[in-house]
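Dropping protein_9.cif in here (mmCIF, C-alpha atoms):
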data_target
loop_
_atom_site.group_PDB
_atom_site.id
_atom_site.type_symbol
_atom_site.label_atom_id
_atom_site.label_comp_id
_atom_site.auth_asym_id
_atom_site.auth_seq_id
_atom_site.Cartn_x
_atom_site.Cartn_y
_atom_site.Cartn_z
ATOM 1 C CA MET C 1 0.000 0.000 0.000
ATOM 2 C CA THR C 2 1.398 3.380 -1.047
ATOM 3 C CA LYS C 3 1.954 5.745 1.865
ATOM 4 C CA ALA C 4 0.012 9.018 1.826
ATOM 5 C CA PRO C 5 1.820 12.291 1.079
ATOM 6 C CA TYR C 6 0.102 13.889 4.085
ATOM 7 C CA SER C 7 -0.200 12.090 7.409
ATOM 8 C CA CYS C 8 -3.086 14.160 8.815
ATOM 9 C CA ASP C 9 -6.398 14.013 6.921
ATOM 10 C CA LEU C 10 -9.178 16.086 8.491
ATOM 11 C CA HIS C 11 -12.025 15.324 6.074
ATOM 12 C CA SER C 12 -13.390 11.814 5.412
ATOM 13 C CA HIS C 13 -16.651 9.884 5.142
ATOM 14 C CA THR C 14 -18.078 6.427 5.809
ATOM 15 C CA VAL C 15 -21.252 4.450 5.122
ATOM 16 C CA ARG C 16 -22.861 6.444 7.918
ATOM 17 C CA SER C 17 -23.374 9.177 5.321
ATOM 18 C CA ASP C 18 -22.272 8.865 1.681
ATOM 19 C CA GLY C 19 -18.990 6.962 1.920
ATOM 20 C CA GLU C 20 -18.333 3.323 1.072
ATOM 21 C CA ASP C 21 -16.107 2.281 4.016
ATOM 22 C CA THR C 22 -17.381 1.284 7.430
ATOM 23 C CA PRO C 23 -15.694 3.158 10.295
ATOM 24 C CA PHE C 24 -13.543 0.053 10.911
ATOM 25 C CA GLU C 25 -12.505 -0.095 7.248
ATOM 26 C CA LEU C 26 -11.766 3.636 7.256
ATOM 27 C CA ILE C 27 -9.459 3.342 10.259
ATOM 28 C CA GLU C 28 -7.694 0.274 8.881
ATOM 29 C CA HIS C 29 -7.163 1.991 5.539
ATOM 30 C CA ALA C 30 -5.811 5.098 7.278
ATOM 31 C CA ILE C 31 -3.268 2.937 9.092
ATOM 32 C CA GLU C 32 -2.286 1.246 5.822
ATOM 33 C CA ARG C 33 -1.717 4.684 4.301
ATOM 34 C CA GLY C 34 0.524 5.694 7.195
ATOM 35 C CA LEU C 35 -1.768 8.360 8.626
ATOM 36 C CA LYS C 36 -1.148 9.728 12.108
ATOM 37 C CA VAL C 37 -4.331 11.817 12.449
ATOM 38 C CA LEU C 38 -7.726 11.162 10.865
ATOM 39 C CA ALA C 39 -10.997 13.066 11.276
ATOM 40 C CA LEU C 40 -14.287 11.358 10.453
ATOM 41 C CA THR C 41 -16.677 14.069 9.216
ATOM 42 C CA ASP C 42 -19.805 12.357 7.936
ATOM 43 C CA HIS C 43 -22.527 14.600 6.555
ATOM 44 C CA ASP C 44 -25.042 15.938 9.096
ATOM 45 C CA VAL C 45 -24.822 12.918 11.419
ATOM 46 C CA LEU C 46 -23.177 12.797 14.831
ATOM 47 C CA PRO C 47 -19.984 10.724 14.889
ATOM 48 C CA PRO C 48 -20.014 7.246 16.433
ATOM 49 C CA ALA C 49 -18.660 6.747 19.937
ATOM 50 C CA GLU C 50 -18.005 3.046 19.324
ATOM 51 C CA ILE C 51 -16.653 0.926 16.498
ATOM 52 C CA GLU C 52 -17.914 -2.501 15.498
ATOM 53 C CA LEU C 53 -15.038 -4.935 15.007
ATOM 54 C CA PRO C 54 -15.043 -7.905 12.591
ATOM 55 C CA ASP C 55 -15.777 -10.357 15.425
ATOM 56 C CA GLY C 56 -18.979 -8.474 16.255
ATOM 57 C CA SER C 57 -17.652 -6.875 19.417
ATOM 58 C CA THR C 58 -17.619 -3.125 19.975
ATOM 59 C CA GLN C 59 -15.006 -0.799 21.412
ATOM 60 C CA ASP C 60 -14.585 2.908 22.013
ATOM 61 C CA ILE C 61 -13.654 4.166 18.548
ATOM 62 C CA CYS C 62 -10.962 6.615 19.668
ATOM 63 C CA GLN C 63 -9.389 4.037 21.987
ATOM 64 C CA TYR C 64 -9.333 1.457 19.207
ATOM 65 C CA ALA C 65 -7.643 3.869 16.792
ATOM 66 C CA ARG C 66 -5.187 4.932 19.498
ATOM 67 C CA SER C 67 -4.242 1.286 20.110
ATOM 68 C CA ARG C 68 -3.259 1.190 16.433
ATOM 69 C CA GLY C 69 -1.208 4.375 16.677
ATOM 70 C CA LEU C 70 -3.802 6.638 15.029
ATOM 71 C CA CYS C 71 -5.220 9.826 16.520
ATOM 72 C CA PHE C 72 -8.906 9.617 15.569
ATOM 73 C CA LEU C 73 -10.993 12.783 15.700
ATOM 74 C CA ARG C 74 -14.772 12.578 15.807
ATOM 75 C CA GLY C 75 -16.345 15.270 13.655
ATOM 76 C CA ILE C 76 -19.300 16.302 11.531
ATOM 77 C CA GLU C 77 -19.803 18.165 8.246
ATOM 78 C CA PHE C 78 -22.933 20.326 8.200
ATOM 79 C CA SER C 79 -24.467 21.385 4.881
ATOM 80 C CA CYS C 80 -25.533 25.028 5.206
ATOM 81 C CA GLU C 81 -27.384 27.757 3.286
ATOM 82 C CA THR C 82 -30.463 26.698 1.322
ATOM 83 C CA THR C 83 -29.762 28.875 -1.726
ATOM 84 C CA ILE C 84 -25.947 28.569 -1.943
ATOM 85 C CA GLN C 85 -24.383 25.302 -3.048
ATOM 86 C CA ASP C 86 -21.616 23.492 -1.170
ATOM 87 C CA VAL C 87 -21.391 25.672 1.926
ATOM 88 C CA HIS C 88 -20.174 23.002 4.336
ATOM 89 C CA ILE C 89 -18.975 23.623 7.890
ATOM 90 C CA VAL C 90 -16.885 20.958 9.639
ATOM 91 C CA GLY C 91 -17.106 20.718 13.404
ATOM 92 C CA LEU C 92 -14.233 19.192 15.405
ATOM 93 C CA GLY C 93 -13.579 18.926 19.139
ATOM 94 C CA CYS C 94 -17.238 19.186 20.122
ATOM 95 C CA ASP C 95 -19.059 17.787 23.115
ATOM 96 C CA TRP C 96 -20.946 15.196 21.106
ATOM 97 C CA GLU C 97 -23.500 14.766 23.886
ATOM 98 C CA HIS C 98 -24.603 18.398 23.582
ATOM 99 C CA PRO C 99 -28.417 18.307 23.098
ATOM 100 C CA ALA C 100 -28.468 21.107 20.518
ATOM 101 C CA LEU C 101 -26.283 19.032 18.181
ATOM 102 C CA ALA C 102 -28.659 16.074 18.423
ATOM 103 C CA ARG C 103 -31.674 18.292 17.701
ATOM 104 C CA GLU C 104 -30.017 19.817 14.649
ATOM 105 C CA ALA C 105 -28.970 16.404 13.287
ATOM 106 C CA GLU C 106 -32.583 15.196 13.625
ATOM 107 C CA ASN C 107 -33.952 18.321 11.926
ATOM 108 C CA VAL C 108 -31.531 17.859 9.041
ATOM 109 C CA SER C 109 -32.451 14.191 8.516
ATOM 110 C CA LEU C 110 -36.162 15.051 8.253
ATOM 111 C CA SER C 111 -35.501 17.941 5.887
ATOM 112 C CA LYS C 112 -33.341 15.718 3.673
ATOM 113 C CA ALA C 113 -35.925 12.945 3.516
ATOM 114 C CA ARG C 114 -38.640 15.313 2.291
ATOM 115 C CA SER C 115 -36.478 16.903 -0.402
ATOM 116 C CA TYR C 116 -35.013 13.623 -1.666
ATOM 117 C CA ILE C 117 -38.429 12.054 -2.112
ATOM 118 C CA GLU C 118 -39.424 15.094 -4.187
ATOM 119 C CA THR C 119 -36.173 14.859 -6.179
ATOM 120 C CA LEU C 120 -36.876 11.226 -7.103
ATOM 121 C CA GLU C 121 -40.408 12.113 -8.188
ATOM 122 C CA ARG C 122 -39.109 14.897 -10.440
ATOM 123 C CA LEU C 123 -36.338 12.733 -11.887
ATOM 124 C CA THR C 124 -38.920 10.096 -12.782
ATOM 125 C CA LYS C 125 -41.143 12.684 -14.485
ATOM 126 C CA ARG C 126 -38.108 13.913 -16.439
ATOM 127 C CA GLY C 127 -37.430 10.457 -17.831
ATOM 128 C CA TYR C 128 -34.941 9.229 -15.224
ATOM 129 C CA PRO C 129 -37.105 6.755 -13.300
ATOM 130 C CA ILE C 130 -35.776 5.852 -9.846
ATOM 131 C CA ARG C 131 -37.806 4.283 -7.062
ATOM 132 C CA LEU C 132 -37.150 5.177 -3.449
ATOM 133 C CA GLU C 133 -36.877 1.484 -2.559
ATOM 134 C CA GLU C 134 -34.000 0.883 -4.964
ATOM 135 C CA VAL C 135 -32.143 3.924 -3.650
ATOM 136 C CA LEU C 136 -32.442 2.748 -0.048
ATOM 137 C CA SER C 137 -31.108 -0.711 -0.987
ATOM 138 C CA PHE C 138 -28.518 0.468 -3.518
ATOM 139 C CA GLY C 139 -25.224 -1.394 -3.502
ATOM 140 C CA GLY C 140 -26.551 -4.070 -1.181
ATOM 141 C CA GLN C 141 -26.505 -1.657 1.763
ATOM 142 C CA GLN C 142 -30.041 -1.220 3.069
ATOM 143 C CA ILE C 143 -30.490 2.086 4.870
ATOM 144 C CA ASP C 144 -33.307 3.973 6.536
ATOM 145 C CA ILE C 145 -34.537 7.078 4.710
ATOM 146 C CA THR C 146 -33.266 9.257 7.556
ATOM 147 C CA ARG C 147 -29.725 8.208 6.560
ATOM 148 C CA LEU C 148 -30.173 8.922 2.846
ATOM 149 C CA GLN C 149 -27.579 11.269 1.341
ATOM 150 C CA LYS C 150 -27.946 13.019 -2.013
ATOM 151 C CA LYS C 151 -24.782 11.442 -3.378
ATOM 152 C CA ARG C 152 -26.486 8.045 -3.143
ATOM 153 C CA ILE C 153 -29.038 9.332 -5.668
ATOM 154 C CA PHE C 154 -26.216 10.532 -7.924
ATOM 155 C CA ASN C 155 -24.540 7.132 -7.658
ATOM 156 C CA ILE C 156 -27.664 5.265 -8.742
ATOM 157 C CA MET C 157 -28.168 7.721 -11.620
ATOM 158 C CA ALA C 158 -24.693 6.788 -12.842
ATOM 159 C CA ALA C 159 -25.374 3.070 -12.314
ATOM 160 C CA LYS C 160 -28.532 3.346 -14.438
ATOM 161 C CA GLY C 161 -26.659 5.127 -17.234
ATOM 162 C CA TYR C 162 -28.375 8.482 -16.752
ATOM 163 C CA ALA C 163 -24.934 10.083 -16.331
ATOM 164 C CA ALA C 164 -21.348 8.975 -16.856
ATOM 165 C CA ASN C 165 -20.488 9.190 -13.155
ATOM 166 C CA TRP C 166 -21.738 10.634 -9.871
ATOM 167 C CA SER C 167 -20.212 14.082 -10.449
ATOM 168 C CA GLU C 168 -21.917 14.448 -13.833
ATOM 169 C CA ALA C 169 -25.168 13.323 -12.237
ATOM 170 C CA LYS C 170 -24.715 15.991 -9.576
ATOM 171 C CA LEU C 171 -24.225 18.662 -12.235
ATOM 172 C CA LEU C 172 -27.239 17.404 -14.201
ATOM 173 C CA VAL C 173 -29.444 17.854 -11.129
ATOM 174 C CA ARG C 174 -27.791 20.985 -9.743
ATOM 175 C CA ASP C 175 -27.958 22.943 -12.996
ATOM 176 C CA ASP C 176 -31.616 22.133 -13.729
ATOM 177 C CA PRO C 177 -33.953 24.360 -11.671
ATOM 178 C CA TYR C 178 -36.742 21.774 -11.905
ATOM 179 C CA LEU C 179 -34.621 18.879 -10.648
ATOM 180 C CA ASN C 180 -32.666 20.864 -8.082
ATOM 181 C CA VAL C 181 -35.044 20.564 -5.132
ATOM 182 C CA GLU C 182 -33.584 22.699 -2.382
ATOM 183 C CA ARG C 183 -34.050 21.351 1.108
ATOM 184 C CA GLU C 184 -34.181 23.766 3.991
ATOM 185 C CA LYS C 185 -30.622 24.046 5.305
ATOM 186 C CA PRO C 186 -29.416 25.847 8.409
ATOM 187 C CA GLY C 187 -27.555 29.121 8.012
ATOM 188 C CA ALA C 188 -23.777 29.016 8.193
ATOM 189 C CA LEU C 189 -23.629 31.563 11.009
ATOM 190 C CA TYR C 190 -26.108 29.509 13.027
ATOM 191 C CA ILE C 191 -24.007 26.352 12.579
ATOM 192 C CA ILE C 192 -20.821 28.174 13.543
ATOM 193 C CA GLU C 193 -22.505 29.315 16.749
ATOM 194 C CA LEU C 194 -23.935 25.835 17.365
ATOM 195 C CA ILE C 195 -20.485 24.253 17.078
ATOM 196 C CA HIS C 196 -19.109 26.871 19.461
ATOM 197 C CA GLN C 197 -21.907 26.168 21.949
ATOM 198 C CA ALA C 198 -20.795 22.532 21.901
ATOM 199 C CA GLY C 199 -17.201 23.572 22.615
ATOM 200 C CA GLY C 200 -15.865 22.845 19.135
ATOM 201 C CA ILE C 201 -14.167 24.649 16.274
ATOM 202 C CA ALA C 202 -15.894 25.493 12.985
ATOM 203 C CA ILE C 203 -13.970 24.988 9.735
ATOM 204 C CA LEU C 204 -15.172 25.930 6.240
ATOM 205 C CA ALA C 205 -14.724 22.951 3.935
ATOM 206 C CA HIS C 206 -13.673 23.240 0.256
ATOM 207 C CA PRO C 207 -14.268 27.007 -0.125
ATOM 208 C CA TYR C 208 -13.821 26.933 -3.920
ATOM 209 C CA LEU C 209 -16.766 24.594 -4.399
ATOM 210 C CA ILE C 210 -18.854 27.638 -3.477
ATOM 211 C CA ASP C 211 -19.799 29.525 -6.644
ATOM 212 C CA GLU C 212 -17.858 32.684 -7.489
ATOM 213 C CA ALA C 213 -21.045 34.791 -7.322
ATOM 214 C CA VAL C 214 -23.660 34.166 -4.626
ATOM 215 C CA GLU C 215 -26.700 35.809 -3.097
ATOM 216 C CA TRP C 216 -26.886 35.824 0.688
ATOM 217 C CA SER C 217 -29.565 37.466 2.824
ATOM 218 C CA GLY C 218 -30.890 39.226 -0.274
ATOM 219 C CA GLU C 219 -27.497 40.704 -1.167
ATOM 220 C CA ALA C 220 -25.400 39.794 -4.204
ATOM 221 C CA MET C 221 -21.716 39.298 -3.444
ATOM 222 C CA ASP C 222 -18.700 37.302 -4.527
ATOM 223 C CA ARG C 223 -17.398 34.150 -2.867
ATOM 224 C CA TRP C 224 -14.826 35.882 -0.715
ATOM 225 C CA ALA C 225 -17.201 38.573 0.489
ATOM 226 C CA PHE C 226 -19.447 35.743 1.704
ATOM 227 C CA ILE C 227 -16.509 33.963 3.353
ATOM 228 C CA GLU C 228 -15.543 37.219 5.082
ATOM 229 C CA ARG C 229 -19.067 37.381 6.545
ATOM 230 C CA MET C 230 -18.522 33.918 7.994
ATOM 231 C CA ILE C 231 -15.140 34.957 9.378
ATOM 232 C CA ALA C 232 -16.785 37.951 11.032
ATOM 233 C CA GLY C 233 -19.378 35.528 12.405
ATOM 234 C CA GLY C 234 -16.760 33.474 14.227
ATOM 235 C CA LEU C 235 -15.473 30.978 11.658
ATOM 236 C CA ASP C 236 -12.358 29.379 13.138
ATOM 237 C CA GLY C 237 -10.698 27.673 10.190
ATOM 238 C CA ILE C 238 -10.726 26.905 6.477
ATOM 239 C CA GLU C 239 -9.554 24.047 4.276
ATOM 240 C CA THR C 240 -6.540 24.955 2.193
ATOM 241 C CA ARG C 241 -5.395 21.712 0.523
ATOM 242 C CA TYR C 242 -8.373 19.898 -1.013
ATOM 243 C CA THR C 243 -9.013 17.519 -3.928
ATOM 244 C CA TYR C 244 -10.624 20.115 -6.227
ATOM 245 C CA ASN C 245 -9.511 18.323 -9.402
ATOM 246 C CA LYS C 246 -11.645 15.296 -8.449
ATOM 247 C CA THR C 247 -14.882 17.160 -7.719
ATOM 248 C CA THR C 248 -17.395 19.419 -9.449
ATOM 249 C CA CYS C 249 -15.252 22.509 -8.832
ATOM 250 C CA LYS C 250 -15.856 25.081 -11.578
ATOM 251 C CA ASP C 251 -12.431 26.663 -11.087
ATOM 252 C CA ARG C 252 -10.207 24.587 -13.360
ATOM 253 C CA ARG C 253 -6.893 25.945 -12.173
ATOM 254 C CA PRO C 254 -4.403 23.422 -10.787
ATOM 255 C CA PRO C 255 -5.385 22.679 -7.170
ATOM 256 C CA ARG C 256 -2.096 24.011 -5.816
ATOM 257 C CA GLU C 257 -2.920 27.466 -7.179
ATOM 258 C CA ILE C 258 -6.216 27.438 -5.311
ATOM 259 C CA TRP C 259 -4.533 26.156 -2.142
ATOM 260 C CA ARG C 260 -2.017 28.986 -2.298
ATOM 261 C CA GLU C 261 -4.709 31.611 -2.881
ATOM 262 C CA VAL C 262 -6.778 30.428 0.085
ATOM 263 C CA GLN C 263 -3.750 30.428 2.361
ATOM 264 C CA GLU C 264 -2.671 33.909 1.280
ATOM 265 C CA ARG C 265 -6.139 35.354 1.880
ATOM 266 C CA VAL C 266 -6.537 34.049 5.430
ATOM 267 C CA ALA C 267 -2.958 33.723 6.689
ATOM 268 C CA GLY C 268 -2.740 34.680 10.353
ATOM 269 C CA ARG C 269 -6.522 34.957 10.671
ATOM 270 C CA LEU C 270 -7.852 31.396 10.465
ATOM 271 C CA ILE C 271 -6.755 27.898 11.364
ATOM 272 C CA LEU C 272 -5.487 26.190 8.204
ATOM 273 C CA SER C 273 -7.065 22.763 7.862
ATOM 274 C CA ALA C 274 -6.915 20.294 4.971
ATOM 275 C CA GLY C 275 -8.291 16.955 3.870
ATOM 276 C CA SER C 276 -9.064 14.602 1.023
ATOM 277 C CA ASP C 277 -12.865 14.324 1.380
ATOM 278 C CA TYR C 278 -12.303 10.579 1.031
ATOM 279 C CA HIS C 279 -15.402 8.472 0.266
ATOM 280 C CA ALA C 280 -13.821 5.119 -0.752
ATOM 281 C CA ASP C 281 -15.244 5.693 -4.226
ATOM 282 C CA ALA C 282 -12.864 3.092 -5.670
ATOM 283 C CA LYS C 283 -15.320 0.481 -4.385
ATOM 284 C CA LYS C 284 -17.843 1.803 -6.913
ATOM 285 C CA GLY C 285 -15.339 1.637 -9.738
ATOM 286 C CA THR C 286 -14.683 5.374 -9.833
ATOM 287 C CA ARG C 287 -11.595 6.104 -11.887
ATOM 288 C CA ASP C 288 -8.944 8.138 -10.093
ATOM 289 C CA PRO C 289 -10.907 8.407 -6.823
ATOM 290 C CA ARG C 290 -9.939 10.600 -3.878
ATOM 291 C CA GLU C 291 -7.565 8.819 -1.530
ATOM 292 C CA LEU C 292 -6.878 9.191 2.184
ATOM 293 C CA GLY C 293 -3.998 11.552 2.821
ATOM 294 C CA GLU C 294 -3.934 12.738 -0.790
ATOM 295 C CA CYS C 295 -4.600 16.159 0.697
ATOM 296 C CA GLY C 296 -4.064 17.087 4.301
ATOM 297 C CA LEU C 297 -1.444 18.409 6.688
ATOM 298 C CA THR C 298 1.933 17.079 7.680
ATOM 299 C CA LEU C 299 2.182 16.081 11.334
ATOM 300 C CA ASP C 300 4.410 19.090 12.028
ATOM 301 C CA GLU C 301 1.858 21.414 10.416
ATOM 302 C CA TYR C 302 -0.944 19.811 12.402
ATOM 303 C CA LEU C 303 0.866 20.024 15.737
ATOM 304 C CA SER C 304 1.840 23.653 15.098
ATOM 305 C CA VAL C 305 -1.843 24.637 15.462
ATOM 306 C CA PRO C 306 -2.559 24.952 19.209
ATOM 307 C CA VAL C 307 -6.126 23.644 19.094
ATOM 308 C CA PHE C 308 -5.119 20.685 16.913
ATOM 309 C CA SER C 309 -2.155 19.949 19.171
ATOM 310 C CA ARG C 310 -4.468 19.991 22.203
ATOM 311 C CA LEU C 311 -6.873 17.553 20.524
ATOM 312 C CA TYR C 312 -3.939 15.301 19.703
ATOM 313 C CA ASP C 313 -2.667 15.311 23.279
ATOM 314 C CA GLN C 314 -6.143 14.618 24.669
ATOM 315 C CA ASN C 315 -6.705 11.805 22.217
ATOM 316 C CA MET C 316 -3.309 10.126 22.468
ATOM 317 C CA GLU C 317 -2.759 10.553 26.226
ATOM 318 C CA GLY C 318 -0.928 7.581 27.630
ATOM 319 C CA PHE C 319 -0.059 6.112 24.261
#

What would the structure in this file look like if it were written as structure tokens?
Amino acid sequence: MTKAPYSCDLHSHTVRSDGEDTPFELIEHAIERGLKVLALTDHDVLPPAEIELPDGSTQDICQYARSRGLCFLRGIEFSCETTIQDVHIVGLGCDWEHPALAREAENVSLSKARSYIETLERLTKRGYPIRLEEVLSFGGQQIDITRLQKKRIFNIMAAKGYAANWSEAKLLVRDDPYLNVEREKPGALYIIELIHQAGGIAILAHPYLIDEAVEWSGEAMDRWAFIERMIAGGLDGIETRYTYNKTTCKDRRPPREIWREVQERVAGRLILSAGSDYHADAKKGTRDPRELGECGLTLDEYLSVPVFSRLYDQNMEGF
């Protein structure tokens, strides 16, 4: 197994949202890739406290990872802003028992279910028939509708030949006003405050997936004006290194140019985070999928950030 270029990956997903690895598989793969720090940031669902092992037993997930030499950070990635695409806020270091987090996660799951049912109905009317039952059982992984993620719909569209791959399916839906059913999403400033209430830090994921021009609170502005509003609202960090070349990013510059621009704009003001947004898409046959540690931080970079260093010490105490 090829070792990752970055040993700290702060953005990854599992089957608990729209990834293909179980939490156990994710941790084992991270170890194979030589990672030292891994954050699990599934979409809109609270992170697991325990991990199910192959023998059916369970163990504290952070303790299990620590026993393997991996600092495992429980996190979440909230989708925000109903009318602006790809505004995602990652929360790390939270009190995961905080009741406000549980309430928000439940509200999000209900909102998603309603909008995804409507999306499937509109796709069918447009000539892309998909039944809810086949989405919930797609890939041999039966899920409850409250765990349905939009990417699962994109995956089945690709499997049915309606699009070449999941990213093209996403664009097909996103760019068609009829198909693009917007669910009610929480505001970014609200989520930043919610994460702070739970004692965590709020990090803006993949800032260049946000469109260059947006409308927020009835005001037209560019991407960075919107990001500055979030910074003024208490945003703690931002992703610099990210796998833009393997997503639906409209900015076609080499990723390193985008990374450099983000870093220059926020240097000294925000925590610099980074991650691959790994989904284990290779299991679906995706060509050139995102890989753990493909983007991220070096261990020295990670430990140079006081809040990250504190999380590392808390997590790896006694190891």

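For the file at hand, the PyMOL selection byres ((chain C and resi 210) around 8) resolves to Ile84, Gln85, Asp86, Val87, His206, Pro207, Tyr208, Leu209, Asp211, Glu212 and Arg223 of chain C.
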
- Message: What's around C:Ala202 at 7 Å? Count all atoms listed in the file, leave out sequence neighbours fewer than 5 positions away in its own chain, and write the answer as JSON, numbers by chain.
- Response: {"C": [89, 90, 91, 92, 192, 195, 235, 236, 237]}

Chain and number of each residue from the PyMOL selection byres ((chain C and resi 66) around 10), as a PDB file with C-alpha atoms, in the coordinates of the input:
ATOM      1  CA  LYS C  36      -1.148   9.728  12.108  1.00  0.00           C
ATOM      2  CA  VAL C  37      -4.331  11.817  12.449  1.00  0.00           C
ATOM      3  CA  ASP C  60     -14.585   2.908  22.013  1.00  0.00           C
ATOM      4  CA  ILE C  61     -13.654   4.166  18.548  1.00  0.00           C
ATOM      5  CA  CYS C  62     -10.962   6.615  19.668  1.00  0.00           C
ATOM      6  CA  GLN C  63      -9.389   4.037  21.987  1.00  0.00           C
ATOM      7  CA  TYR C  64      -9.333   1.457  19.207  1.00  0.00           C
ATOM      8  CA  ALA C  65      -7.643   3.869  16.792  1.00  0.00           C
ATOM      9  CA  SER C  67      -4.242   1.286  20.110  1.00  0.00           C
ATOM     10  CA  ARG C  68      -3.259   1.190  16.433  1.00  0.00           C
ATOM     11  CA  GLY C  69      -1.208   4.375  16.677  1.00  0.00           C
ATOM     12  CA  LEU C  70      -3.802   6.638  15.029  1.00  0.00           C
ATOM     13  CA  CYS C  71      -5.220   9.826  16.520  1.00  0.00           C
ATOM     14  CA  PHE C  72      -8.906   9.617  15.569  1.00  0.00           C
ATOM     15  CA  ASN C 315      -6.705  11.805  22.217  1.00  0.00           C
ATOM     16  CA  MET C 316      -3.309  10.126  22.468  1.00  0.00           C
ATOM     17  CA  GLU C 317      -2.759  10.553  26.226  1.00  0.00           C
ATOM     18  CA  GLY C 318      -0.928   7.581  27.630  1.00  0.00           C
ATOM     19  CA  PHE C 319      -0.059   6.112  24.261  1.00  0.00           C
TER      20      PHE C 319
END

Could you list, as a list in words, every residue within 10 Å of C:Val15, counting all atoms listed in the file and ignoring same-chain residues fewer than 3 positions away?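 Using all atoms listed in the file, the neighbours found are Asp18, Gly19, Glu20, Asp21, Thr22, Pro23, Leu26, Asp42, Gln141, Ile143, Arg147, His279 and Ala280 of chain C.
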
Residues within 12 Å of C:Asp144, all atoms listed in the file, excluding chain neighbours under 6 positions, as a list of chain:residue names:
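The neighbour list is C:Arg16, C:Ser17, C:Ser109, C:Leu110, C:Ala113, C:Leu132, C:Glu133, C:Glu134, C:Val135, C:Leu136, C:Ser137, C:Phe138.
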
Across C:Ala220, C:Ile156, C:Ile191, C:Ile31, the smallest distance to C:Lys284, with all atoms listed in the file counted, is shown by C:Ile156

- Query: For the atom pair atom CA of C:Asn155 and atom CA of C:Leu123, what is the interatomic distance in Å to one decimal place?
  - Reply: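 Separating atom CA of C:Asn155 from atom CA of C:Leu123 is a distance of 13.7 Å.
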
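The spacing separating atom CA of C:Leu272 from atom CA of C:Cys8 amounts to 12.3 Å.
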
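Residue nearest C:Ala188, chosen from C:Leu101, C:Ile203, C:Met157, C:Val45 and counting all atoms listed in the file: C:Ile203.
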
C:Gly200, C:Lys283, C:Glu25, C:Glu215 ranked by distance to C:Pro54, top pick (using all atoms listed in the file)
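Distance minimum relative to C:Pro54 lands on C:Glu25.
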
Students should find that atom CA of C:Lys3 and atom CA of C:Val307 are spaced 26.1 Å

With all atoms of stretch 67-77 of chain C from the file as input, state the centre and edge lengths in Å to one decimal of the axis-aligned box that has 3 Å extra on each side, as JSON.
{"center_x": -10.5, "center_y": 9.7, "center_z": 14.2, "size_x": 24.6, "size_y": 23.0, "size_z": 17.9}

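By chain and then residue number, the residues within 6 Å of stretch 253-262 of chain C are C:Thr240, C:Arg241, C:Tyr244, counting all atoms listed in the file and disregarding those fewer than 5 positions away in sequence.
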
Counting only C-alpha atoms, the residue among C:Ala4, C:Thr286, C:Glu193, C:Ser304 that lies closest to C:Trp166 is C:Thr286

Exercise for review: Identify all residues satisfying the PyMOL selection byres ((chain C and resi 126) around 12) in the given file; provide them as number ranges by chain.
Suggested key: C: 119-125, 127-130, 162, 172-173, 176, 178-179

Counting only C-alpha atoms, the residue among C:Leu189, C:Ile145, C:Met221, C:Leu40 that lies closest to C:Cys80 is C:Leu189

Original post:
Can you tell me, as a PyMOL selection string, what residues are no more than 8 Å from C:Ser111 when counting all atoms listed in the file, ignoring any on the same chain fewer than 5 positions away?
Top reply: chain C and resi 183-185

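Distances from C:Glu239, C:Asp175, C:Glu219, C:Glu52 to C:Ile27 were compared using all atoms listed in the file, and the smallest one belongs to C:Glu52.
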